[in-house]
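Undergrad: What follows is start_6.txt, made up of compact mmCIF, C-alpha atoms:
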# COMPACT_ATOMS: atom_id res chain seq x y z
CA MET A 24 56.17 -2.63 9.86
CA HIS A 25 56.18 -4.72 6.70
CA SER A 26 53.19 -6.97 7.12
CA ALA A 27 52.52 -9.37 4.29
CA ILE A 28 49.72 -11.84 3.60
CA LEU A 29 51.40 -15.22 3.23
CA ALA A 30 48.34 -17.38 2.61
CA ILE A 31 44.55 -17.22 2.54
CA VAL A 32 42.31 -19.98 3.92
CA THR A 33 38.69 -19.57 2.92
CA LEU A 34 35.35 -21.33 3.30
CA ASN A 35 33.75 -19.18 0.62
CA PRO A 36 35.63 -19.29 -2.69
CA GLU A 37 33.57 -16.35 -3.98
CA LYS A 38 34.99 -14.11 -1.24
CA VAL A 39 38.54 -14.41 -2.54
CA VAL A 40 39.51 -13.28 -6.01
CA GLU A 41 41.97 -15.62 -7.68
CA GLY A 42 45.35 -14.37 -8.85
CA GLY A 43 46.33 -12.36 -5.79
CA SER A 44 49.80 -12.36 -4.32
CA ALA A 45 49.12 -15.11 -1.79
CA PRO A 46 48.12 -18.75 -2.34
CA VAL A 47 44.50 -19.56 -1.56
CA PHE A 48 43.48 -22.72 0.30
CA TYR A 49 39.86 -23.83 0.28
CA ALA A 50 38.48 -25.53 3.36
CA SER A 51 35.26 -27.54 3.29
CA ASP A 52 34.22 -26.77 6.86
CA HIS A 53 35.13 -24.64 9.86
CA ALA A 54 37.16 -27.39 11.56
CA GLU A 55 39.30 -27.88 8.48
CA GLN A 56 39.78 -24.14 8.15
CA GLU A 57 41.01 -23.91 11.74
CA ARG A 58 43.36 -26.85 11.30
CA VAL A 59 44.79 -25.73 7.95
CA SER A 60 45.29 -22.17 9.25
CA THR A 61 47.09 -23.39 12.34
CA VAL A 62 49.39 -25.68 10.37
CA LEU A 63 50.10 -22.96 7.81
CA SER A 64 50.88 -20.41 10.52
CA GLU A 65 53.34 -22.85 12.08
CA ILE A 66 55.04 -23.54 8.77
CA LEU A 67 55.16 -19.92 7.64
CA LEU A 68 55.87 -18.42 11.10
CA GLY A 69 52.90 -16.15 10.57
CA MET A 70 49.83 -15.20 12.56
CA VAL A 71 46.25 -16.24 11.82
CA HIS A 72 43.77 -13.40 11.37
CA ASP A 73 40.02 -13.75 10.95
CA LEU A 74 38.16 -11.44 8.55
CA GLU A 75 34.84 -12.64 10.03
CA ASN A 76 33.42 -13.53 6.60
CA GLY A 77 34.74 -17.06 6.40
CA VAL A 78 38.20 -15.92 5.29
CA TYR A 79 41.35 -16.45 7.37
CA LEU A 80 44.64 -14.78 6.55
CA ILE A 81 48.11 -15.92 7.51
CA VAL A 82 50.09 -12.73 7.99
CA ARG A 83 53.73 -12.12 8.78
CA HIS A 84 54.21 -9.03 10.94
CA MET G 161 104.17 13.02 46.26
CA ARG G 162 100.96 14.88 46.98
CA GLU G 163 100.16 14.82 43.26
CA LEU G 164 100.60 11.06 43.09
CA ALA G 165 98.35 10.57 46.12
CA ALA G 166 95.76 12.89 44.57
CA ILE G 167 95.80 11.04 41.25
CA LEU G 168 95.46 7.69 43.01
CA ALA G 169 92.65 8.96 45.22
CA GLY G 170 90.81 10.42 42.23
CA THR G 171 91.19 7.30 40.13
CA LEU G 172 90.00 5.13 42.99
CA ALA G 173 86.98 7.32 43.76
CA GLY G 174 86.03 7.53 40.07
CA SER G 175 86.36 3.77 39.63
CA ILE G 176 84.21 3.11 42.68
CA ALA G 177 81.63 5.55 41.31
CA ARG G 178 81.54 3.61 38.04
CA LEU G 179 81.23 0.35 39.94
CA ILE G 180 78.28 1.63 41.96
CA MET G 181 76.54 2.78 38.79
CA LEU G 182 77.19 -0.58 37.18
CA ARG G 183 75.70 -2.48 40.08
CA SER G 184 72.62 -0.28 40.34
CA ASP G 185 71.58 -1.27 36.84
CA TYR G 186 68.59 -3.56 37.13
CA ARG G 187 67.63 -3.80 33.50
CA GLN G 188 69.48 -7.08 33.27
CA TYR G 189 72.11 -5.37 31.22
CA PRO G 190 75.02 -5.92 31.13
CA SER G 191 74.32 -9.25 32.74
CA PHE G 192 77.52 -10.96 31.68
CA PRO G 193 81.02 -10.84 33.21
CA HIS G 194 82.69 -9.62 30.03
CA GLY G 195 80.30 -6.68 29.89
CA TYR G 196 81.40 -5.76 33.40
CA VAL G 197 85.03 -6.00 32.35
CA ILE G 198 84.50 -3.71 29.36
CA HIS G 199 82.65 -1.08 31.34
CA MET G 200 84.90 -1.25 34.36
CA SER G 201 88.07 -0.86 32.32
CA LEU G 202 86.65 2.12 30.48
CA GLY G 203 85.43 3.48 33.80
CA VAL G 204 88.90 3.21 35.32
CA ILE G 205 90.40 5.01 32.31
CA ALA G 206 87.76 7.73 32.59
CA ALA G 207 88.51 8.08 36.30
CA PHE G 208 92.22 8.34 35.61
CA ILE G 209 91.66 11.07 33.04
CA GLY G 210 89.55 13.02 35.51
CA ALA G 211 92.07 12.51 38.32
CA VAL G 212 95.08 13.60 36.30
CA ALA G 213 93.54 16.73 34.79
CA LEU G 214 94.17 19.19 37.63
CA PRO G 215 97.65 17.91 38.63
CA ALA G 216 98.67 18.20 34.95
CA LEU G 217 97.47 21.78 34.81
CA LEU G 218 99.21 22.67 38.07
CA ALA G 219 102.45 21.17 36.79
CA ARG G 220 102.06 23.51 33.81
CA ARG G 221 101.87 20.51 31.53
CA TYR G 222 99.36 22.14 29.20
CA ASP G 223 100.17 19.63 26.49
CA ALA G 224 99.12 16.84 28.86
CA ALA G 225 95.91 18.67 29.70
CA THR G 226 95.14 19.02 25.99
CA PHE G 227 95.73 15.35 25.42
CA LEU G 228 93.34 14.57 28.24
CA ALA G 229 90.66 16.63 26.58
CA ILE G 230 91.18 14.66 23.38
CA ALA G 231 91.06 11.38 25.33
CA ALA G 232 87.79 12.43 26.91
CA GLN G 233 86.36 12.81 23.43
CA GLN G 234 86.96 9.12 22.85
CA PHE G 235 84.26 8.29 25.34
CA ARG G 236 81.71 9.35 22.81
CA GLU G 237 82.60 6.11 21.09
CA ILE G 238 81.04 4.19 23.99
CA ARG G 239 77.59 5.25 22.93
CA ASN G 240 78.22 3.88 19.44
CA MET G 241 79.68 0.69 20.83
CA GLU G 242 76.65 0.07 23.02
CA ARG G 243 74.24 0.94 20.26
CA ARG G 244 75.94 -1.36 17.79
CA SER G 245 76.05 -4.34 20.11
CA LEU G 246 72.44 -3.91 21.23
CA GLU G 247 71.27 -3.49 17.65
CA ALA G 248 73.11 -6.64 16.67
CA MET G 249 71.32 -8.46 19.49
CA GLU G 250 67.86 -7.25 18.43
CA GLU G 251 67.48 -10.00 15.84
CA THR G 252 67.83 -12.60 18.55
CA GLU G 253 65.36 -11.13 21.04
CA LEU G 254 61.90 -12.71 21.24
CA VAL G 255 60.61 -9.32 22.34
CA ARG G 256 62.69 -6.50 20.94
CA ARG G 257 64.01 -3.59 22.94
CA GLY G 258 63.25 -1.17 20.15
CA SER G 259 65.53 1.54 18.81
CA ALA G 260 64.44 4.21 21.31
CA TYR G 261 65.31 2.02 24.29
CA ILE G 262 68.67 1.13 22.75
CA GLU G 263 69.40 4.81 22.22
CA GLY G 264 68.47 5.55 25.82
CA ILE G 265 70.67 2.79 27.23
CA SER G 266 73.63 3.87 25.05
CA ARG G 267 73.36 7.45 26.29
CA VAL G 268 73.35 6.31 29.89
CA PHE G 269 76.49 4.25 29.40
CA GLU G 270 78.27 7.20 27.85
CA ALA G 271 77.12 9.58 30.58
CA ARG G 272 78.25 7.24 33.35
CA ASN G 273 81.85 7.56 32.22
CA TYR G 274 81.62 11.33 32.36
CA LEU G 275 80.18 11.01 35.86
CA ALA G 276 83.10 8.79 36.87
CA MET G 277 85.42 11.44 35.40
CA THR G 278 83.72 14.21 37.36
CA VAL G 279 83.92 12.27 40.61
CA ALA G 280 87.62 11.61 40.00
CA LEU G 281 88.24 15.29 39.24
CA ALA G 282 86.50 16.36 42.44
CA ALA G 283 88.38 13.81 44.56
CA SER G 284 91.81 14.63 43.12
CA SER G 285 91.26 18.41 43.29
CA ILE G 286 90.42 18.27 47.00
CA SER G 287 93.30 15.86 47.63
CA LEU G 288 95.68 18.50 46.26
CA LEU G 289 94.69 21.03 48.92
CA PRO G 290 97.62 21.75 51.24
CA PHE G 291 96.57 20.27 54.57
CA SER G 292 97.34 16.99 56.24
CA HIS G 293 94.20 14.90 55.65
CA SER G 294 93.22 16.34 52.29
CA VAL G 295 93.50 12.94 50.55
CA HIS G 296 91.04 11.42 52.99
CA LEU G 297 88.71 14.36 52.51
CA GLY G 298 89.08 14.06 48.73
CA MET G 299 88.12 10.39 48.81
CA ALA G 300 85.17 11.11 51.10
CA VAL G 301 83.88 13.93 48.88
CA GLY G 302 84.36 11.78 45.77
CA LEU G 303 82.40 8.88 47.23
CA ALA G 304 79.68 11.19 48.54
CA ALA G 305 79.41 12.70 45.06
CA ALA G 306 79.16 9.21 43.58
CA PHE G 307 76.31 8.25 45.91
CA LEU G 308 74.51 11.55 45.32
CA MET G 309 74.79 11.24 41.54
CA ASN G 310 73.55 7.70 41.73
CA LYS G 311 70.58 8.89 43.73
CA PHE G 312 69.65 11.96 41.75
CA ILE G 313 70.57 11.03 38.20
CA TYR G 314 68.11 8.28 37.51
CA TRP G 315 65.53 7.32 34.98
CA ARG G 316 62.01 8.26 35.84
CA SER G 317 59.75 5.28 35.54
CA VAL G 318 56.33 4.54 34.12
CA GLY G 319 54.99 4.42 37.69
CA ASP G 320 55.95 8.10 38.14
CA LEU G 321 54.00 9.19 35.08
CA ALA G 322 51.01 6.92 35.11
CA VAL G 323 48.70 4.77 37.20
CA VAL G 324 49.14 1.11 36.33
CA ARG G 325 46.21 -1.17 37.12
CA PRO G 326 44.93 -4.63 36.15
CA ALA G 327 42.43 -4.93 33.32
CA LYS G 328 40.33 -7.59 31.63
CA ILE G 329 40.74 -8.96 28.15
CA ASN G 330 37.60 -9.24 26.02
CA PHE G 331 37.08 -10.90 22.67
CA ASP G 332 34.60 -9.47 20.22
CA GLY G 333 34.67 -12.23 17.64
CA PRO G 334 38.36 -12.43 16.70
CA THR G 335 39.09 -8.91 17.95
CA MET G 336 40.97 -8.80 21.23
CA GLU G 337 40.20 -5.68 23.27
CA VAL G 338 41.11 -4.27 26.64
CA GLU G 339 38.64 -1.63 27.85
CA GLY G 340 37.81 -0.59 24.33
CA ILE G 341 41.42 -0.52 23.14
CA VAL G 342 41.79 -2.86 20.17
CA ILE G 343 44.89 -4.98 20.67
CA SER G 344 44.81 -7.30 17.67
CA ASN G 345 42.78 -9.61 15.48
CA VAL G 346 43.29 -13.19 16.56
CA GLY G 347 42.15 -15.93 14.20
CA GLY G 348 41.96 -19.50 15.42
CA GLU G 349 39.77 -20.61 18.30
CA LYS G 350 42.54 -22.51 20.05
CA THR G 351 44.74 -19.44 20.14
CA ARG G 352 41.89 -17.35 21.53
CA GLU G 353 41.20 -19.95 24.23
CA LEU G 354 44.89 -19.95 25.18
CA LEU G 355 44.96 -16.17 25.33
CA LYS G 356 41.79 -16.08 27.45
CA LYS G 357 43.36 -18.53 29.85
CA ARG G 358 46.91 -17.24 30.05
CA ALA G 359 47.14 -13.63 28.93
CA LEU G 360 47.36 -10.79 31.44
CA ALA G 361 46.37 -7.22 30.69
CA VAL G 362 47.19 -3.95 32.39
CA ILE G 363 46.03 -0.43 31.70
CA ILE G 364 48.55 2.37 31.98
CA GLU G 365 46.67 5.57 32.68
CA PRO G 366 48.78 8.71 32.13
CA LYS G 367 48.52 11.25 34.95
CA ASP G 368 48.56 14.30 32.67
CA ASP G 369 49.00 15.42 29.07
CA ASN G 370 52.78 15.33 29.33
CA ALA G 371 52.66 11.70 30.39
CA SER G 372 50.13 10.92 27.70
CA ALA G 373 52.38 12.36 24.98
CA THR G 374 55.39 10.49 26.33
CA LEU G 375 53.61 7.14 26.58
CA ALA G 376 52.31 7.57 23.04
CA ASN G 377 55.82 7.04 21.71
CA ILE G 378 56.11 3.67 20.02
CA GLY G 379 59.64 3.18 21.32
CA GLN G 380 58.53 3.80 24.89
CA ARG G 381 55.75 1.28 24.48
CA GLN G 382 58.14 -1.28 23.01
CA ALA G 383 60.37 -0.75 26.04
CA ILE G 384 57.40 -1.55 28.29
CA ALA G 385 56.73 -4.77 26.35
CA HIS G 386 60.42 -5.72 26.45
CA ASP G 387 60.89 -5.13 30.15
CA ALA G 388 57.65 -6.87 31.11
CA ALA G 389 58.74 -9.89 29.06
CA ALA G 390 62.26 -9.75 30.47
CA VAL G 391 61.02 -9.78 34.07
CA LEU G 392 58.08 -12.22 33.82
CA GLY G 393 59.15 -14.30 30.85
CA VAL G 394 57.05 -14.73 27.76
CA THR G 395 55.38 -17.92 26.51
CA LYS G 396 56.41 -17.48 22.94
CA ASP G 397 58.76 -18.99 20.42
CA VAL G 398 59.88 -18.03 16.95
CA GLY G 399 56.68 -19.17 15.26
CA ASP G 400 54.20 -17.64 17.69
CA PRO G 401 53.61 -14.02 16.73
CA GLU G 402 50.16 -14.19 18.38
CA PHE G 403 51.82 -14.34 21.81
CA THR G 404 54.00 -11.29 21.28
CA PRO G 405 53.29 -8.80 24.05
CA LEU G 406 51.46 -5.85 22.54
CA VAL G 407 51.06 -2.31 23.84
CA ARG G 408 48.28 -0.34 22.21
CA ARG G 409 46.88 3.11 22.83
CA ASN G 410 43.41 4.57 23.11
CA ILE G 411 43.63 7.57 20.82
CA GLU G 412 41.01 9.53 22.74
CA THR G 413 42.04 9.06 26.36
CA GLY G 414 45.75 8.37 25.81
CA ARG G 415 45.44 5.27 27.97
CA VAL G 416 47.76 2.47 27.03
CA ALA G 417 47.01 -1.25 27.34
CA LEU G 418 49.59 -4.03 27.59
CA VAL G 419 48.68 -7.65 26.91
CA ILE G 420 51.27 -10.32 27.66
CA THR G 421 51.24 -14.10 27.99
CA ALA G 422 53.73 -14.35 30.81
CA VAL G 423 55.48 -17.49 31.97
CA GLU G 424 54.64 -16.40 35.51
CA PRO G 425 51.05 -15.19 35.27
CA ASP G 426 51.28 -13.14 38.44
CA MET G 427 49.42 -9.83 38.19
CA GLU G 428 51.18 -8.19 41.14
CA SER G 429 54.60 -8.89 39.64
CA LEU G 430 53.46 -7.62 36.25
CA LEU G 431 52.18 -4.37 37.77
CA ALA G 432 55.48 -3.93 39.61
CA ALA G 433 57.48 -4.69 36.47
CA VAL G 434 55.53 -2.20 34.34
CA ARG G 435 55.76 0.52 36.98
CA ARG G 436 59.54 0.13 37.02
CA VAL G 437 60.02 0.41 33.27
CA PRO G 438 62.26 3.42 32.72
CA ILE G 439 61.01 6.42 30.80
CA ILE G 440 63.42 6.86 27.92
CA GLU G 441 64.94 10.35 28.12
CA ASN G 442 64.77 11.03 24.40
CA VAL G 443 61.04 10.39 24.13
CA VAL G 444 59.93 12.65 26.97
CA ARG G 445 57.44 15.23 25.68
CA LYS G 446 56.21 18.18 27.69
CA PRO G 447 53.40 19.88 25.80
CA LEU G 448 52.12 21.35 29.09
CA ASP G 449 55.29 23.44 29.37
CA THR G 450 54.13 25.52 26.43
CA LYS G 451 51.32 28.05 26.37
CA ALA G 452 49.70 26.42 23.35
CA GLY G 453 49.90 23.00 25.00
CA ARG G 454 48.25 24.23 28.20
CA LYS G 455 45.53 25.92 26.22
CA ALA G 456 44.91 22.79 24.17
CA SER G 457 44.58 20.64 27.26
CA ASP G 458 41.69 22.49 28.91
If you took the structure in this file and wrote it as structure tokens, what would it be?
TA:
Amino acid sequence: MHSAILAIVTLNPEKVVEGGSAPVFYASDHAEQERVSTVLSEILLGMVHDLENGVYLIVRH
Amino acid sequence: MRELAAILAGTLAGSIARLIMLRSDYRQYPSFPHGYVIHMSLGVIAAFIGAVALPALLARRYDAATFLAIAAQQFREIRNMERRSLEAMEETELVRRGSAYIEGISRVFEARNYLAMTVALAASSISLLPFSHSVHLGMAVGLAAAFLMNKFIYWRSVGDLAVVRPAKINFDGPTMEVEGIVISNVGGEKTRELLKKRALAVIIEPKDDNASATLANIGQRQAIAHDAAAVLGVTKDVGDPEFTPLVRRNIETGRVALVITAVEPDMESLLAAVRRVPIIENVVRKPLDTKAGRKASD
């Protein structure tokens, strides 16, 4: 039970405060966000979660 | 001469008892020949200890009887052995057994040696009786005891405690739900499409408050996920946490939902597999056996 946010993929830069513990990736549209999240989850062995405000998280459970 | 025959009969009956209990194990464990060898050799030793106990006492070899008691103590080590090896394997399992299930399995393996010992003791004691066919009778009683123990000492299963039925998976945005039970948040449209297409869901409805309290245990739920995945296979690899079978609970009704992306998406098989998942002894809760629990439930 040690979940950790590995990366953040966002469409809205203003929704994510810089300087957090995880790297932030900006995506210009929804398709890019989907693609980047999928690739990141494969690389980091994490799971993609959707905050429903244009922010995706890659989380390791 | 009679003593020797009694010891042999007891050892044989005890070993056969251990063999029957080994074969009746369906949880795909131990599924390897070396595991059989380990458990059979320990079983034979246990049977020998049980068989020799009474003849040693009758021969007034109290020192031997004491040694046997000490030897019997060694069988406690079996539980540790099983626990250690299963824990070491956990890292390599796509769907973990969970510590409660491991504890339950270890206890069973320890207990089975004591059962083999008991059968051997019964068989050798009767074989010592002074009449002509006592050895035959001893063997018969030993084997009957083995079959009876095998029949009556068993794990209750999820099917005994709960009704297991098919259910539908719904997505509310990224939130995956089964009949109002939130399973997880799934980002990524492709993953959601895959889950919609492939995932199966069942609802496990506890029959009473006792069952509800037992199924609430996280270890019991992990055991359900593990066994379902072991029987049906799971479409998952190291980097796919989104396809991990999940078992979540409705905190109001106590109903439990399982979602799994099985290799064989066959609902009937899944229902059968879930119903047969053993209830882990250590997690059984019986609030209804207490006055306060009964009062709280009405």
Undergrad: Please identify all residues of chain G having at least one atom at most 12 Å from any atom of chain A, considering only C-alpha atoms, and return them as a PyMOL selection string.
TA: chain G and resi 332-336+344-352+378+396-404
Undergrad: What does the file look like for those residues with C-alpha atoms, as a short mmCIF file (atom, residue, chain, number, x, y, z; two decimals), in the frame of the given file?
TA:
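File out-v9.cif, as written:
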data_model
loop_
_atom_site.label_atom_id
_atom_site.label_comp_id
_atom_site.auth_asym_id
_atom_site.auth_seq_id
_atom_site.Cartn_x
_atom_site.Cartn_y
_atom_site.Cartn_z
CA ASP G 332 34.60 -9.47 20.22
CA GLY G 333 34.67 -12.23 17.64
CA PRO G 334 38.36 -12.43 16.70
CA THR G 335 39.09 -8.91 17.95
CA MET G 336 40.97 -8.80 21.23
CA SER G 344 44.81 -7.30 17.67
CA ASN G 345 42.78 -9.61 15.48
CA VAL G 346 43.29 -13.19 16.56
CA GLY G 347 42.15 -15.93 14.20
CA GLY G 348 41.96 -19.50 15.42
CA GLU G 349 39.77 -20.61 18.30
CA LYS G 350 42.54 -22.51 20.05
CA THR G 351 44.74 -19.44 20.14
CA ARG G 352 41.89 -17.35 21.53
CA ILE G 378 56.11 3.67 20.02
CA LYS G 396 56.41 -17.48 22.94
CA ASP G 397 58.76 -18.99 20.42
CA VAL G 398 59.88 -18.03 16.95
CA GLY G 399 56.68 -19.17 15.26
CA ASP G 400 54.20 -17.64 17.69
CA PRO G 401 53.61 -14.02 16.73
CA GLU G 402 50.16 -14.19 18.38
CA PHE G 403 51.82 -14.34 21.81
CA THR G 404 54.00 -11.29 21.28
#
Undergrad: Residues near region 439-452 of chain G, anyone? I mean within 12 Å using only C-alpha atoms, not counting same-chain ones fewer than 5 positions away, as an MDAnalysis selection string.
TA: chainID G and resid 257:268 313:322 368:384 387 434 457:458
Undergrad: Could you jot down the CA of Ile180 (chain G) to CA of Ala385 (chain G) separation for me, Å, one decimal place?
TA: 27.4 Å
Undergrad: Around (100.8, 9.2, 44.9), as given in the file, which residues come within 12 Å? Count all atoms listed in the file and list them as a list in words.
TA: Met161, Arg162, Glu163, Leu164, Ala165, Ala166, Ile167, Leu168, Ala169, Gly170, Thr171, Leu172, Ala211, Val212, Pro215, Ser284, Ser287, Leu288 and Val295 of chain G
Undergrad: Would you work out the distance separating CA of Val279 (chain G) from CA of Phe192 (chain G), expressed in Å to one decimal?
TA: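 One can read the CA of Val279 (chain G) to CA of Phe192 (chain G) distance as 25.7 Å.
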Undergrad: For Gly210 (chain G), which of G:Met277, G:Ile198, G:Leu246, G:Leu360 is the closest residue, counting all atoms listed in the file?
TA: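 Closest to Gly210 (chain G), using all atoms listed in the file: G:Met277.
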Undergrad: Env of Ser51 (chain A): 9 Å cut, atoms = all atoms listed in the file, seq-sep filter 5 positions within chain, self excluded. Answer as an MDAnalysis selection string.
TA: chainID A and resid 33:35 56
Undergrad: List the spatial neighbours of region 409-424 of chain G as a compact mmCIF listing (two decimals) with C-alpha atoms, in the frame of the given file - criterion: any atom at most 6 Å away, all atoms listed in the file, same-chain residues fewer than 3 positions off excluded.
TA:
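Okay, this is what ended up in out29.txt:
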# COMPACT_ATOMS: atom_id res chain seq x y z
CA ILE G 341 41.42 -0.52 23.14
CA ARG G 358 46.91 -17.24 30.05
CA ALA G 359 47.14 -13.63 28.93
CA LEU G 360 47.36 -10.79 31.44
CA ALA G 361 46.37 -7.22 30.69
CA VAL G 362 47.19 -3.95 32.39
CA ILE G 363 46.03 -0.43 31.70
CA ILE G 364 48.55 2.37 31.98
CA GLU G 365 46.67 5.57 32.68
CA SER G 372 50.13 10.92 27.70
CA LEU G 392 58.08 -12.22 33.82
CA GLY G 393 59.15 -14.30 30.85
CA VAL G 394 57.05 -14.73 27.76
CA THR G 395 55.38 -17.92 26.51
CA PRO G 405 53.29 -8.80 24.05
CA LEU G 406 51.46 -5.85 22.54
Undergrad: What's the separation between CA of Ala305 (chain G) and CA of Leu202 (chain G), in Å to one decimal place?
TA: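 These two atoms are separated by 19.4 Å.
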Undergrad: Select, from G:Gly195, G:Gly298, G:Glu339, G:Pro366, the residue with the minimum atom-to-atom distance to Ser245 (chain G), counting all atoms listed in the file.
TA: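 Of all the options, G:Gly195 lies closest to Ser245 (chain G).
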